Each structure stands twice: as C-alpha cells, then as structure tokens.
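Asker: Sending over input-v6.tsv (TSV, C-alpha atoms and all ligand atoms).
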```tsv
chain	number	residue	atom	x	y	z
G	1	MET	CA	81.73	115.43	131.49
G	2	ARG	CA	81.37	118.76	133.20
G	3	GLN	CA	81.62	118.70	136.98
G	4	TRP	CA	78.07	119.84	137.59
G	5	PHE	CA	76.73	116.83	135.71
G	6	LYS	CA	78.51	114.57	138.12
G	7	GLU	CA	77.13	116.48	141.07
G	8	PHE	CA	73.61	116.79	139.79
G	9	PHE	CA	73.08	113.35	138.38
G	10	SER	CA	74.74	111.19	140.97
G	11	PRO	CA	73.01	111.96	144.26
G	12	CYS	CA	71.42	108.51	144.57
G	13	PRO	CA	73.12	105.11	144.36
G	14	GLY	CA	72.52	103.40	141.05
G	15	HIS	CA	72.08	106.54	138.92
G	16	GLY	CA	74.07	106.49	135.75
G	17	GLN	CA	75.46	103.05	136.44
G	18	PRO	CA	75.30	100.63	133.54
G	19	SER	CA	73.67	98.23	135.95
G	20	GLY	CA	70.63	100.55	136.24
G	21	GLU	CA	68.73	101.51	139.30
G	22	PRO	CA	66.95	99.53	141.96
G	23	SER	CA	63.19	99.46	141.70
G	24	GLY	CA	62.44	101.56	144.79
G	25	ASP	CA	63.53	105.09	145.48
G	26	LEU	CA	64.63	104.61	149.03
G	27	PRO	CA	66.63	101.58	150.07
G	28	GLY	CA	65.52	99.39	152.94
G	29	GLY	CA	62.00	98.87	154.19
G	30	LEU	CA	60.02	102.09	154.20
G	31	LEU	CA	57.52	102.77	156.88
G	32	PRO	CA	54.08	103.62	155.56
G	33	PRO	CA	53.70	107.40	155.17
G	34	SER	CA	52.31	108.92	158.31
G	35	GLU	CA	50.43	112.18	158.66
G	36	ASP	CA	53.44	113.55	160.56
G	37	THR	CA	55.67	112.81	157.56
G	38	PHE	CA	53.36	114.65	155.17
G	39	ALA	CA	52.97	117.56	157.57
G	40	ALA	CA	56.77	117.85	157.78
G	41	ILE	CA	57.18	117.63	153.99
G	42	ASN	CA	54.47	120.26	153.49
G	43	GLU	CA	56.04	122.59	156.00
G	44	LEU	CA	59.51	122.25	154.45
G	45	SER	CA	58.02	122.65	151.02
G	46	ARG	CA	56.37	125.94	152.02
G	47	VAL	CA	59.60	127.30	153.54
G	48	VAL	CA	61.87	126.53	150.59
G	49	LYS	CA	59.37	127.08	147.77
G	50	ASP	CA	60.43	130.59	146.82
G	51	ASN	CA	63.95	130.49	148.13
G	52	PRO	CA	66.29	130.55	145.14
G	53	ASP	CA	69.11	129.09	147.22
G	54	ALA	CA	67.11	126.06	148.28
G	55	VAL	CA	66.64	124.41	144.89
G	56	GLU	CA	68.42	121.23	145.97
G	57	ILE	CA	66.20	120.88	149.03
G	58	TYR	CA	63.14	121.55	146.90
G	59	LEU	CA	64.20	118.82	144.46
G	60	ALA	CA	64.86	116.43	147.33
G	61	LEU	CA	61.38	117.12	148.67
G	62	GLY	CA	59.93	116.13	145.31
G	63	SER	CA	61.81	112.86	145.50
G	64	LEU	CA	60.55	112.35	149.03
G	65	TYR	CA	56.97	112.75	147.79
G	66	ARG	CA	57.68	110.28	145.00
G	67	SER	CA	59.09	107.76	147.44
G	68	GLN	CA	55.83	108.02	149.39
G	69	GLY	CA	53.81	107.40	146.22
G	70	GLU	CA	52.64	111.04	146.09
G	71	ILE	CA	53.36	111.43	142.40
G	72	GLU	CA	51.10	114.43	141.75
G	73	ARG	CA	52.79	116.46	144.46
G	74	ALA	CA	56.23	115.45	143.22
G	75	VAL	CA	55.30	116.50	139.67
G	76	HIS	CA	53.92	119.80	140.97
G	77	ILE	CA	57.23	120.59	142.69
G	78	ARG	CA	59.27	119.88	139.53
G	79	GLN	CA	56.94	121.94	137.36
G	80	ASN	CA	57.12	124.88	139.78
G	81	LEU	CA	60.86	124.71	139.61
G	82	ILE	CA	61.05	124.39	135.81
G	83	LEU	CA	58.90	127.52	135.41
G	84	ARG	CA	60.95	129.54	137.91
G	85	PRO	CA	62.45	132.57	136.10
G	86	GLY	CA	66.23	132.68	135.99
G	87	LEU	CA	66.67	129.04	137.01
G	88	ARG	CA	70.16	127.83	136.10
G	89	PRO	CA	70.10	125.29	133.20
G	90	GLU	CA	71.73	122.58	135.31
G	91	PHE	CA	68.88	122.82	137.83
G	92	LYS	CA	66.31	122.85	135.04
G	93	ALA	CA	67.85	119.72	133.52
G	94	ARG	CA	67.86	118.03	136.89
G	95	ALA	CA	64.22	119.00	137.53
G	96	LEU	CA	63.24	117.61	134.11
G	97	TYR	CA	65.14	114.41	134.82
G	98	GLU	CA	63.38	113.99	138.17
G	99	LEU	CA	60.06	114.84	136.50
G	100	GLY	CA	60.69	112.00	134.07
G	101	ARG	CA	61.33	109.64	136.97
G	102	ASP	CA	58.13	110.83	138.68
G	103	TYR	CA	56.07	110.14	135.56
G	104	LYS	CA	57.73	106.78	135.11
G	105	ARG	CA	56.93	105.86	138.69
G	106	GLY	CA	53.34	106.97	138.05
G	107	GLY	CA	53.14	104.75	134.96
G	108	LEU	CA	52.92	107.71	132.54
G	109	VAL	CA	55.50	106.39	130.10
G	110	ASP	CA	54.95	108.89	127.25
G	111	ARG	CA	55.26	111.89	129.53
G	112	ALA	CA	58.33	110.33	131.17
G	113	TYR	CA	59.94	109.93	127.76
G	114	GLU	CA	59.17	113.53	126.85
G	115	ALA	CA	60.61	114.85	130.13
G	116	PHE	CA	63.82	112.84	129.69
G	117	GLN	CA	64.11	114.12	126.11
G	118	GLN	CA	63.78	117.69	127.32
G	119	ALA	CA	66.34	117.03	130.06
G	120	ARG	CA	68.65	115.73	127.34
G	121	LYS	CA	68.12	118.85	125.25
G	122	THR	CA	68.91	121.03	128.25
G	123	ALA	CA	71.83	119.05	129.66
G	124	GLY	CA	73.26	117.50	126.50
G	125	SER	CA	74.21	113.85	126.45
G	126	ASN	CA	74.31	112.51	129.99
G	127	PRO	CA	74.56	108.83	131.01
G	128	ALA	CA	71.85	109.00	133.69
G	129	ILE	CA	69.32	110.46	131.24
G	130	THR	CA	70.36	108.17	128.38
G	131	GLN	CA	70.04	105.17	130.71
G	132	GLU	CA	66.44	106.14	131.50
G	133	LEU	CA	65.64	106.67	127.81
G	134	ALA	CA	67.17	103.30	126.91
G	135	LYS	CA	65.13	101.51	129.57
G	136	LEU	CA	61.90	103.19	128.47
G	137	CYS	CA	62.51	102.22	124.84
G	138	ALA	CA	63.29	98.66	125.91
G	139	GLU	CA	60.08	98.46	127.93
G	140	ALA	CA	58.10	99.82	124.98
G	141	ASP	CA	59.69	97.13	122.76
G	142	ASP	CA	61.39	99.78	120.63
G	143	CYS	CA	64.44	97.53	120.41
G	144	LEU	CA	66.37	99.40	117.72
G	145	GLN	CA	66.15	102.72	119.56
G	146	ALA	CA	67.13	101.00	122.84
G	147	ALA	CA	70.14	99.50	121.05
G	148	LYS	CA	71.13	103.00	119.81
G	149	TYR	CA	71.02	104.41	123.33
G	150	TYR	CA	73.20	101.55	124.57
G	151	VAL	CA	75.74	102.39	121.84
G	152	GLU	CA	75.89	105.84	123.37
G	153	LEU	CA	76.27	104.34	126.83
G	154	GLY	CA	79.19	102.21	125.62
G	155	ASN	CA	77.40	98.99	126.57
G	156	PRO	CA	77.83	96.52	123.64
G	157	VAL	CA	76.35	93.64	125.68
G	158	ALA	CA	73.04	95.49	126.02
G	159	GLU	CA	73.24	96.76	122.44
G	160	ALA	CA	73.60	93.19	121.16
G	161	HIS	CA	70.76	92.05	123.44
G	162	TYR	CA	68.32	94.50	121.85
G	163	LEU	CA	69.54	93.72	118.33
G	164	VAL	CA	68.66	90.08	119.03
G	165	ARG	CA	65.27	91.14	120.37
G	166	GLN	CA	64.79	93.06	117.11
G	167	ALA	CA	65.73	89.89	115.18
G	168	GLN	CA	63.10	87.95	117.14
G	169	LYS	CA	60.52	90.61	116.32
G	170	GLU	CA	61.44	90.45	112.63
G	171	SER	CA	61.08	86.68	112.54
G	172	ARG	CA	57.69	86.92	114.25
G	173	ASP	CA	56.40	89.71	112.01
G	174	HIS	CA	57.97	88.57	108.72
G	175	PRO	CA	58.51	84.81	109.00
G	176	GLN	CA	59.10	84.49	105.26
G	177	ASP	CA	61.90	87.05	105.15
G	178	GLY	CA	64.96	85.88	107.05
G	179	GLY	CA	67.24	88.60	105.62
G	180	GLN	CA	66.54	91.20	108.29
G	181	VAL	CA	66.84	88.60	111.03
G	182	GLN	CA	70.27	87.56	109.80
G	183	LYS	CA	71.36	91.19	109.54
G	184	CYS	CA	70.38	91.92	113.14
G	185	LEU	CA	72.09	88.78	114.43
G	186	GLU	CA	75.25	89.51	112.47
G	187	ARG	CA	75.33	93.05	113.82
G	188	ALA	CA	74.80	91.76	117.37
G	189	LEU	CA	77.73	89.35	117.03
G	190	LYS	CA	79.87	92.07	115.48
G	191	VAL	CA	79.43	94.43	118.43
G	192	SER	CA	79.55	91.65	121.03
G	193	PRO	CA	81.03	88.39	119.67
G	194	GLY	CA	80.29	86.57	122.94
G	195	SER	CA	76.61	87.58	123.02
G	196	MET	CA	74.86	84.54	124.47
G	197	GLU	CA	71.53	85.89	123.26
G	198	ALA	CA	72.71	86.03	119.64
G	199	TRP	CA	74.22	82.55	119.71
G	200	LEU	CA	71.12	81.14	121.40
G	201	GLU	CA	68.94	82.64	118.70
G	202	LYS	CA	71.12	81.03	116.03
G	203	ILE	CA	70.89	77.69	117.87
G	204	HIS	CA	67.12	78.04	118.07
G	205	ARG	CA	66.90	78.90	114.37
G	206	SER	CA	69.09	75.95	113.52
G	207	LEU	CA	66.59	73.63	115.21
G	208	LEU	CA	63.89	75.23	113.06
G	209	ARG	CA	66.11	74.56	110.01
G	210	LEU	CA	66.47	78.28	109.32
G	211	GLU	CA	70.28	78.39	109.49
G	212	LYS	CA	72.64	77.24	106.77
G	213	GLN	CA	75.14	75.73	109.17
G	214	PRO	CA	74.36	72.56	111.12
G	215	LEU	CA	73.62	72.81	114.84
G	216	SER	CA	76.93	71.28	115.94
G	217	LYS	CA	78.92	73.84	113.92
G	218	ILE	CA	77.00	76.75	115.42
G	219	LEU	CA	77.46	75.33	118.92
G	220	GLU	CA	81.15	74.83	118.30
G	221	GLN	CA	81.62	78.49	117.35
G	222	ALA	CA	79.39	79.70	120.16
G	223	LEU	CA	81.36	77.77	122.78
G	224	ARG	CA	84.56	79.39	121.54
G	225	GLN	CA	83.13	82.94	121.70
G	226	VAL	CA	80.96	82.97	124.82
G	227	PRO	CA	82.88	83.54	128.09
G	228	GLU	CA	83.73	80.27	129.81
G	229	SER	CA	81.57	80.97	132.88
G	230	LYS	CA	78.50	81.53	130.66
G	231	ARG	CA	78.81	78.56	128.29
G	232	PHE	CA	76.21	76.61	130.26
G	233	ILE	CA	73.54	79.07	129.08
G	234	LEU	CA	73.95	77.82	125.51
G	235	LEU	CA	73.19	74.27	126.60
G	236	GLU	CA	70.38	75.28	128.92
G	237	GLY	CA	68.80	77.22	126.03
G	238	LEU	CA	69.41	74.36	123.61
G	239	ILE	CA	67.55	71.89	125.85
G	240	VAL	CA	64.65	74.31	126.39
G	241	SER	CA	64.36	74.87	122.60
G	242	MET	CA	64.50	71.11	121.99
G	243	GLN	CA	61.79	70.48	124.57
G	244	ASN	CA	59.54	73.09	122.94
G	245	GLU	CA	59.89	71.53	119.50
G	246	ASN	CA	56.83	70.05	117.90
G	247	PRO	CA	56.99	67.10	117.31
G	248	PRO	CA	59.15	66.53	120.43
G	249	TYR	CA	62.79	66.68	119.43
G	250	PHE	CA	63.98	63.86	121.67
G	251	LEU	CA	61.33	61.44	120.38
G	252	ASN	CA	62.19	62.16	116.77
G	253	ALA	CA	64.42	59.37	115.44
G	254	GLY	CA	65.70	61.69	112.69
G	255	THR	CA	67.50	63.91	115.21
G	256	ALA	CA	69.68	61.21	116.82
G	257	GLY	CA	72.63	61.86	114.48
G	258	GLU	CA	72.48	65.60	115.13
G	259	LEU	CA	72.54	64.99	118.90
G	260	ASP	CA	75.55	62.68	118.54
G	261	GLU	CA	77.40	65.53	116.81
G	262	VAL	CA	76.47	67.89	119.65
G	263	LEU	CA	77.83	65.39	122.18
G	264	MET	CA	81.04	65.14	120.15
G	265	VAL	CA	81.44	68.91	120.47
G	266	LEU	CA	80.85	68.73	124.22
G	267	SER	CA	83.34	65.90	124.64
G	268	ASP	CA	86.06	68.36	123.53
G	269	TYR	CA	85.42	70.19	126.79
G	270	SER	CA	86.17	67.25	129.06
G	271	GLN	CA	87.39	69.52	131.89
G	272	ASP	CA	84.25	71.68	131.95
G	273	VAL	CA	81.99	70.16	134.60
G	274	LEU	CA	78.91	72.08	133.47
G	275	LEU	CA	79.25	71.04	129.83
G	276	GLN	CA	79.70	67.41	130.91
G	277	TYR	CA	76.58	67.73	133.04
G	278	TYR	CA	74.53	69.09	130.16
G	279	GLY	CA	75.87	66.30	127.95
G	280	GLY	CA	74.46	63.88	130.53
G	281	LEU	CA	71.12	65.69	130.48
G	282	LEU	CA	70.92	65.45	126.66
G	283	LEU	CA	71.50	61.70	126.93
G	284	LEU	CA	68.89	61.40	129.69
G	285	HIS	CA	66.32	63.11	127.47
G	286	GLN	CA	67.15	60.62	124.74
G	287	GLY	CA	66.59	57.75	127.16
G	288	LYS	CA	70.25	56.67	127.02
G	289	PHE	CA	70.52	56.16	130.78
G	290	GLY	CA	73.75	54.14	130.84
G	291	GLU	CA	75.67	56.73	128.81
G	292	ALA	CA	74.15	59.56	130.81
G	293	GLN	CA	75.42	57.93	133.99
G	294	VAL	CA	78.98	57.92	132.58
G	295	TRP	CA	78.80	61.67	131.85
G	296	PHE	CA	77.45	62.47	135.35
G	297	GLU	CA	80.18	60.37	136.92
G	298	LYS	CA	82.76	62.38	134.93
G	299	CYS	CA	81.31	65.51	136.54
G	300	LEU	CA	81.94	64.16	140.02
G	301	LEU	CA	85.52	63.27	139.17
G	302	LEU	CA	86.02	66.90	138.16
G	303	ALA	CA	84.05	68.43	141.06
G	304	PRO	CA	82.89	66.10	143.87
G	305	ASP	CA	80.64	68.86	145.29
G	306	PHE	CA	78.70	69.31	142.06
G	307	TRP	CA	75.24	68.53	143.42
G	308	PRO	CA	73.15	68.46	140.18
G	309	ALA	CA	75.16	65.47	138.90
G	310	ARG	CA	74.72	63.66	142.23
G	311	LEU	CA	71.00	64.31	141.99
G	312	GLU	CA	70.76	62.70	138.54
G	313	LEU	CA	72.92	59.76	139.62
G	314	LEU	CA	70.68	59.18	142.61
G	315	ALA	CA	67.58	59.31	140.38
G	316	LEU	CA	69.19	56.79	138.01
G	317	ALA	CA	70.16	54.50	140.92
G	318	LEU	CA	66.59	54.63	142.15
G	319	GLN	CA	65.38	53.46	138.72
G	320	ASN	CA	67.79	50.53	138.66
G	321	ASN	CA	67.48	49.23	142.21
G	322	THR	CA	64.66	47.75	144.17
G	323	LEU	CA	64.57	49.41	147.55
G	324	PRO	CA	62.30	48.80	150.53
G	325	GLN	CA	59.16	50.85	149.85
G	326	SER	CA	59.62	53.05	152.93
G	327	VAL	CA	63.13	54.05	151.76
G	328	GLU	CA	61.96	54.66	148.19
G	329	VAL	CA	59.10	56.91	149.30
G	330	GLN	CA	61.49	59.09	151.33
G	331	LEU	CA	64.07	59.25	148.53
G	332	VAL	CA	61.47	60.20	145.94
G	333	PHE	CA	60.31	62.98	148.27
G	334	PHE	CA	63.84	64.36	148.71
G	335	LEU	CA	64.58	64.10	145.00
G	336	SER	CA	61.48	66.06	144.08
G	337	ARG	CA	62.39	68.72	146.66
G	338	ALA	CA	65.98	68.90	145.42
G	339	ARG	CA	64.71	69.48	141.88
G	340	GLU	CA	62.96	72.60	143.11
G	341	VAL	CA	66.30	74.20	144.07
G	342	LYS	CA	66.93	77.24	141.93
G	343	ARG	CA	70.02	76.55	139.83
G	344	PHE	CA	70.96	80.07	138.72
G	345	ILE	CA	72.20	82.99	140.77
G	346	CYS	CA	73.07	86.65	140.09
G	347	GLY	CA	76.75	87.17	140.88
G	348	HIS	CA	76.05	90.76	141.96
G	349	CYS	CA	73.00	90.67	144.19
G	350	GLY	CA	72.53	86.95	144.91
G	351	LEU	CA	69.05	86.64	143.33
G	352	LYS	CA	68.28	82.97	142.65
G	353	ARG	CA	66.19	81.86	139.69
G	354	GLU	CA	65.18	78.63	137.99
G	355	SER	CA	65.30	80.03	134.48
G	356	VAL	CA	68.07	81.83	132.64
G	357	PHE	CA	68.15	85.66	132.73
G	358	PHE	CA	70.31	88.11	130.79
G	359	VAL	CA	69.54	91.19	132.89
G	360	CYS	CA	69.12	90.55	136.58
G	361	PRO	CA	65.46	91.25	137.44
G	362	ARG	CA	66.51	92.64	140.83
G	363	CYS	CA	69.74	94.63	140.37
G	364	SER	CA	69.54	95.17	136.56
G	365	SER	CA	73.11	93.89	136.03
G	366	TRP	CA	73.91	92.54	132.58
G	367	HIS	CA	75.11	88.94	132.19
G	368	SER	CA	75.68	88.51	135.93
G	369	ILE	CA	74.12	85.03	135.96
G	370	SER	CA	76.08	81.99	137.09
G	371	PHE	CA	75.27	78.35	137.78
G	372	ARG	CA	75.08	77.39	141.48
G	373	ARG	CA	77.78	74.78	141.54
G	374	ASN	CA	77.36	74.15	145.23
G	375	LEU	CA	74.37	74.58	147.44
G	376	ASN	CA	76.03	77.05	149.82
G	377	GLU	CA	76.01	79.79	147.20
G	401	ZN	ZN	71.29	90.89	140.57
```
Let me see the structure of the file written as structure tokens.
Ligand SMILES: [Zn+2]
Answerer:
Amino acid sequence: MRQWFKEFFSPCPGHGQPSGEPSGDLPGGLLPPSEDTFAAINELSRVVKDNPDAVEIYLALGSLYRSQGEIERAVHIRQNLILRPGLRPEFKARALYELGRDYKRGGLVDRAYEAFQQARKTAGSNPAITQELAKLCAEADDCLQAAKYYVELGNPVAEAHYLVRQAQKESRDHPQDGGQVQKCLERALKVSPGSMEAWLEKIHRSLLRLEKQPLSKILEQALRQVPESKRFILLEGLIVSMQNENPPYFLNAGTAGELDEVLMVLSDYSQDVLLQYYGGLLLLHQGKFGEAQVWFEKCLLLAPDFWPARLELLALALQNNTLPQSVEVQLVFFLSRAREVKRFICGHCGLKRESVFFVCPRCSSWHSISFRRNLNE
C-alpha cells in the first residue's frame, strides 16, 4: 500500500480495521451543537475554503459538520473540494470517501455506495473503502457481493458468514431446491472450516430433515472444527432451533433416540464445562430432571464458580423440597432475577447480550462472543 493511503485513510480510530468502525464519529459524549460551535466552523470554513494548502483542514471541517448532524453542509464541503481544479487524486479519493460516509450517515445508501465506488476508482483497492462497501452490501442484504468484498479484505470469517446468509436466502426463496443452499454452505466451510454460522445452519437443516447426515454426526464434526471457546454456540443454537420446532421437539417421542445420540457426543467432552452444562439443559427440556442434575453437578466439579449450573441445581432443589413459604417466595424471586443475567459477552468491548451474536453490535468485532463463566466478567 502506498504511504499516502495510510496517511489519508487512517486519521480516525477504527478506519480500515477488520473490526469496523464505531457508530458515532466522535468518541465520548458530545455536547449538543451550540451556536458558537457553528459560528466557529463557519468562520474556519470561510478562511480555508479557497486555500489549496488547507485541504486537510477543509476535510476535517466536513467531518465536524457530519458529527454535528449537519449532513448537507458536510456534503457541500466535499463536493466543493471534489470540483476544485488541480486537486491531487489522493485528496479527491479522500473527499469521495468522506462524502460516502456523509451520505451513509444521512441514510442515503445508494449515493453512499456510488461515492465509495468512485473513491475506489480514484484510489484503487483500499481496505477502508472496501470495508465501507462490504458493510453497505451486507446491510442491503446483497450477501454474495458482501462476501466478495470480504475476500478482498482477507476476512474468511466474514466471507463465510455472508455465504451462510446467502444459503438462508436461497432456502427461503427456493425451498424446493436445496442444491444452491448446499453449495453456499460447502463454500463457507471451505473458506472457514470453523464457521459457527455454517455448522449451525447444517444443524438447523438436520432438524428439518434436509441433511443427509444425522444430527449427531453433524454435531460431532462441528465440535471438532469450531474453536474450543466457541463450541457452546452450537449447543445454544441447537436448543433454540429445537424450541422453535413445530410440533415441539422436546415433546415429540420420536426424537428421544436422536437426543440420546447428541448426549453421547457431548459425553466425549467430559472436561468441557459448557458442553456438560448444555447437556444438562437438553435433559431438562426433556423432563429428565435426575439425569440433568448429574450433568450440572459434573459442571461444578470442573468449575465450582460456574454460576449457570448452580442456578439450575437450585431450581431443581426447589422442585424437590418443601420449604417454608416465606423462604420459597424469596428464592423464586432471586431465581427469576438470576435468569435475567445476560450470559454472553463481547471479548473486545464488554457488551453483554442474552442472545448469540456473530458480529458485535457495538464494536463490530467478528466472533468475539464468549460465555460469561463467572458473574464478575
Ligand atoms: Zn464488542
């Protein structure tokens, strides 16, 4: 990459990073724009407008307008700059890039896309621009194009993610034709063999009887490929898919054998506290309380601080024991509160969520999710 690219496309934190950019333009809490601020911006703008040496300041002013929500003024500044005769191509590319970000901030997605494309034509391939194009395609549900941009960005995790999204689109739009779906999933697993999204989709399809292999076989392969710290996602997704089945999976007597095979697979991971915990949850859903208790107790032998297993054991104890009503009322209250604790956390920014995410909604990191094994996290 030529030096000027680095200079021109990395003035703000987050630009060009695979993790994406934060949602706001200025970090920290911004004060509401005051008349003084606008007066100062206007004055500066007037001074540097025709000064060929002040292009950087002029660009920064545009970004300042954008940060204050003054999109029209920001756009005006970029357009003035782009039309300036004799403007060096690196400045033009940067102005087009910022113009794209202005439009995006203003919700004008098509114009944003066009500006980024022009920036790309002027600057050549540049990660900051490609990142913006990839995100716009992803937001517009153009999954295949998003996947292509992530190839360029050298991000196989994101590429696989959008190939799986494409597979989901295919199965929605052409439910009778599973060929394309299989192709997309195979491609996703080829570029990223540990893609949780791809394995989850296969697990989901297996429950719908759309896969040739039985569920336990798919889970067995998935557990071998997915990184150890992310294996829990497969089980979390499996339980969610089972709960959404119609008729309810856990009430269907025909599925008991299949679940036994899944538990056999999990029992091979006797040192993995999270997999033992999810084994317990599967048994709970089946109404096999005694066996579930054994699995939760195994969790505590492995990790005495593992609070979700303690929570389930307490709930089971409450079912099996008659307590004074005043004690029971308080315990039920604390149990219901404890169940509201968000179980998942982003390893990069600390965002806590109750449902699984593949891209952090706050810091845009890929696969940064982990399970909160203790409550201090
Ligand atoms: Zn995050």
Asker: Tell me, in Å to one decimal, how far CA of Lys190 in chain G is from CA of Leu235 in chain G.
Answerer: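 Interatomic distance, CA of Lys190 in chain G to CA of Leu235 in chain G: 22.0 Å.
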Asker: Using only C-alpha atoms and all ligand atoms, determine which residues fall within 12 Å of ligand ZN 401 (chain G), then list them as a tab-separated table (two decimals) with C-alpha atoms, keeping the file's coordinate frame.
Answerer:
```
chain	number	residue	atom	x	y	z
G	19	SER	CA	73.67	98.23	135.95
G	20	GLY	CA	70.63	100.55	136.24
G	21	GLU	CA	68.73	101.51	139.30
G	22	PRO	CA	66.95	99.53	141.96
G	23	SER	CA	63.19	99.46	141.70
G	344	PHE	CA	70.96	80.07	138.72
G	345	ILE	CA	72.20	82.99	140.77
G	346	CYS	CA	73.07	86.65	140.09
G	347	GLY	CA	76.75	87.17	140.88
G	348	HIS	CA	76.05	90.76	141.96
G	349	CYS	CA	73.00	90.67	144.19
G	350	GLY	CA	72.53	86.95	144.91
G	351	LEU	CA	69.05	86.64	143.33
G	352	LYS	CA	68.28	82.97	142.65
G	353	ARG	CA	66.19	81.86	139.69
G	357	PHE	CA	68.15	85.66	132.73
G	358	PHE	CA	70.31	88.11	130.79
G	359	VAL	CA	69.54	91.19	132.89
G	360	CYS	CA	69.12	90.55	136.58
G	361	PRO	CA	65.46	91.25	137.44
G	362	ARG	CA	66.51	92.64	140.83
G	363	CYS	CA	69.74	94.63	140.37
G	364	SER	CA	69.54	95.17	136.56
G	365	SER	CA	73.11	93.89	136.03
G	366	TRP	CA	73.91	92.54	132.58
G	367	HIS	CA	75.11	88.94	132.19
G	368	SER	CA	75.68	88.51	135.93
G	369	ILE	CA	74.12	85.03	135.96
G	370	SER	CA	76.08	81.99	137.09
```
Asker: Work out how far apart CA of Ala115 in chain G and CA of Ala158 in chain G are and give it in Å to one decimal.
Answerer: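 Between CA of Ala115 in chain G and CA of Ala158 in chain G the gap works out to 23.4 Å.
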Asker: So how far away is CA of His285 in chain G from CA of Thr255 in chain G, in Å?
Answerer: 12.3 Å
Asker: Return the single residue from G:Glu377, G:Glu159, G:Asp272, G:Glu197 that is closest to Ala134 in chain G, with distances computed using all atoms listed in the file.
Answerer: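 Closest to Ala134 in chain G of all the choices is G:Glu159.
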Asker: Ranking G:Asn42, G:Ser326, G:Gln293, G:Ser63 by minimum distance to Leu311 in chain G and counting only C-alpha atoms, which one comes first?
Answerer: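 Nearest candidate to Leu311 in chain G out of G:Asn42, G:Ser326, G:Gln293, G:Ser63: G:Gln293.
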